[in-house]
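In what follows, a single structure is set out as structure tokens and then discussed.
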Amino acid sequence: DLDFARKYGLPVVRVIAEGTGTVPDGGDTVVTFDGTAGQLVEIFVDGDEDGPGAANPDVTFALFDPAGAFIQFVDNTTNPESLTLELPA
């Protein structure tokens, strides 16, 4: 979220994907982005307090490669959640 990064003075090198959406209780959604093996990325997921419903206080997400193979699951029992990693080959 660029507004969040700017609000807190966080560096943004280049945004490769961003978006908004609504996920129903117990539901999920898919967000894709173009990345390259070896690229350092930060994935930031935030339940929007100003959205159409109540923000989930415990956002989670999973990262998969283009073939659908699992890379990592993130659940720190917080909202927002983030993951910084080098994309694997």
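Note on naming: chains are A, B, ... as they come in the structure tokens, residues start from 1 per chain, ligands start from 1 in the order shown.
Using only C-alpha atoms, the protein and nucleic acid residues lying no more than 10 Å from A:Pro66, apart from those fewer than 2 places from it along its own chain, are Thr32, Phe33, Asp34, Gly35, Leu63, Phe64, Gly68, Ala69 and Phe70 of chain A.
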Please return as a CSV table (one decimal) with C-alpha atoms, in the first residue's frame: the residues of chain A that backbone DSSP assigns to strand (DSSP E).
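Okay, this is what ended up in selection_31.csv:
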```csv
chain,number,residue,atom,x,y,z
A,40,LEU,CA,14.1,-9.1,-3.6
A,41,VAL,CA,10.4,-8.4,-2.9
A,42,GLU,CA,8.2,-7.3,-0.1
A,43,ILE,CA,4.6,-8.5,0.0
A,44,PHE,CA,2.4,-6.4,2.2
A,45,VAL,CA,-1.2,-7.4,3.0
A,61,PHE,CA,-1.4,-15.2,3.1
A,62,ALA,CA,0.4,-17.9,1.2
A,63,LEU,CA,2.9,-17.5,-1.6
A,64,PHE,CA,3.1,-19.9,-4.5
A,70,PHE,CA,4.0,-23.6,-2.2
A,71,ILE,CA,6.8,-21.2,-1.2
A,72,GLN,CA,5.8,-19.8,2.2
A,73,PHE,CA,2.8,-19.2,4.5
A,74,VAL,CA,2.6,-16.0,6.7
A,81,GLU,CA,1.2,-8.9,7.4
A,82,SER,CA,4.3,-8.7,5.3
A,83,LEU,CA,7.0,-10.9,3.9
A,84,THR,CA,10.4,-9.9,2.5
A,85,LEU,CA,12.3,-12.5,0.5
A,86,GLU,CA,14.4,-13.2,-2.5
```
DSSP alpha helix (DSSP H) residues within chain A, as a list in words: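 In chain A, DSSP puts these residues in alpha helix (DSSP H): Leu2, Asp3, Phe4, Ala5, Arg6 and Lys7 of chain A.
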Please produce a file of the residues just selected, as a PDB file, in the first residue's frame, where the atoms kept are all heavy atoms.
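Output file out35.pdb follows:
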```pdb
ATOM      1  N   LEU A   2       0.910   1.941  -1.096  1.00  0.00           N
ATOM      2  CA  LEU A   2       1.788   3.100  -1.222  1.00  0.00           C
ATOM      3  C   LEU A   2       1.467   4.182  -0.204  1.00  0.00           C
ATOM      4  O   LEU A   2       2.370   4.819   0.322  1.00  0.00           O
ATOM      5  CB  LEU A   2       1.700   3.680  -2.634  1.00  0.00           C
ATOM      6  CG  LEU A   2       2.404   2.884  -3.719  1.00  0.00           C
ATOM      7  CD1 LEU A   2       2.162   3.526  -5.069  1.00  0.00           C
ATOM      8  CD2 LEU A   2       3.880   2.779  -3.438  1.00  0.00           C
ATOM      9  N   ASP A   3       0.180   4.397   0.072  1.00  0.00           N
ATOM     10  CA  ASP A   3      -0.182   5.420   1.056  1.00  0.00           C
ATOM     11  C   ASP A   3       0.386   5.072   2.422  1.00  0.00           C
ATOM     12  O   ASP A   3       0.888   5.937   3.130  1.00  0.00           O
ATOM     13  CB  ASP A   3      -1.707   5.575   1.144  1.00  0.00           C
ATOM     14  CG  ASP A   3      -2.290   6.179  -0.126  1.00  0.00           C
ATOM     15  OD1 ASP A   3      -1.564   6.922  -0.822  1.00  0.00           O
ATOM     16  OD2 ASP A   3      -3.459   5.901  -0.410  1.00  0.00           O
ATOM     17  N   PHE A   4       0.320   3.794   2.821  1.00  0.00           N
ATOM     18  CA  PHE A   4       0.873   3.349   4.100  1.00  0.00           C
ATOM     19  C   PHE A   4       2.376   3.593   4.132  1.00  0.00           C
ATOM     20  O   PHE A   4       2.908   4.134   5.093  1.00  0.00           O
ATOM     21  CB  PHE A   4       0.566   1.865   4.325  1.00  0.00           C
ATOM     22  CG  PHE A   4       1.084   1.334   5.632  1.00  0.00           C
ATOM     23  CD1 PHE A   4       0.299   1.405   6.774  1.00  0.00           C
ATOM     24  CD2 PHE A   4       2.340   0.768   5.729  1.00  0.00           C
ATOM     25  CE1 PHE A   4       0.772   0.921   7.977  1.00  0.00           C
ATOM     26  CE2 PHE A   4       2.819   0.277   6.937  1.00  0.00           C
ATOM     27  CZ  PHE A   4       2.020   0.352   8.065  1.00  0.00           C
ATOM     28  N   ALA A   5       3.068   3.189   3.064  1.00  0.00           N
ATOM     29  CA  ALA A   5       4.522   3.365   3.010  1.00  0.00           C
ATOM     30  C   ALA A   5       4.895   4.830   3.105  1.00  0.00           C
ATOM     31  O   ALA A   5       5.800   5.212   3.853  1.00  0.00           O
ATOM     32  CB  ALA A   5       5.074   2.752   1.727  1.00  0.00           C
ATOM     33  N   ARG A   6       4.192   5.642   2.367  1.00  0.00           N
ATOM     34  CA  ARG A   6       4.499   7.076   2.404  1.00  0.00           C
ATOM     35  C   ARG A   6       4.178   7.682   3.756  1.00  0.00           C
ATOM     36  O   ARG A   6       4.916   8.519   4.267  1.00  0.00           O
ATOM     37  CB  ARG A   6       3.731   7.787   1.293  1.00  0.00           C
ATOM     38  CG  ARG A   6       4.256   7.454  -0.088  1.00  0.00           C
ATOM     39  CD  ARG A   6       3.491   8.163  -1.183  1.00  0.00           C
ATOM     40  NE  ARG A   6       4.003   7.791  -2.481  1.00  0.00           N
ATOM     41  CZ  ARG A   6       3.268   7.324  -3.468  1.00  0.00           C
ATOM     42  NH1 ARG A   6       1.965   7.185  -3.327  1.00  0.00           N
ATOM     43  NH2 ARG A   6       3.813   7.001  -4.621  1.00  0.00           N
ATOM     44  N   LYS A   7       3.061   7.277   4.351  1.00  0.00           N
ATOM     45  CA  LYS A   7       2.654   7.801   5.657  1.00  0.00           C
ATOM     46  C   LYS A   7       3.721   7.545   6.713  1.00  0.00           C
ATOM     47  O   LYS A   7       3.997   8.385   7.556  1.00  0.00           O
ATOM     48  CB  LYS A   7       1.331   7.154   6.083  1.00  0.00           C
ATOM     49  CG  LYS A   7       0.828   7.596   7.441  1.00  0.00           C
ATOM     50  CD  LYS A   7      -0.506   6.936   7.762  1.00  0.00           C
ATOM     51  CE  LYS A   7      -0.982   7.312   9.147  1.00  0.00           C
ATOM     52  NZ  LYS A   7      -2.265   6.656   9.472  1.00  0.00           N
TER      53      LYS A   7
END
```
Distance in Å - atom CA of A:Val59 versus atom CA of A:Ala17: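 Atom-to-atom, atom CA of A:Val59 and atom CA of A:Ala17 are spaced 18.6 Å apart.
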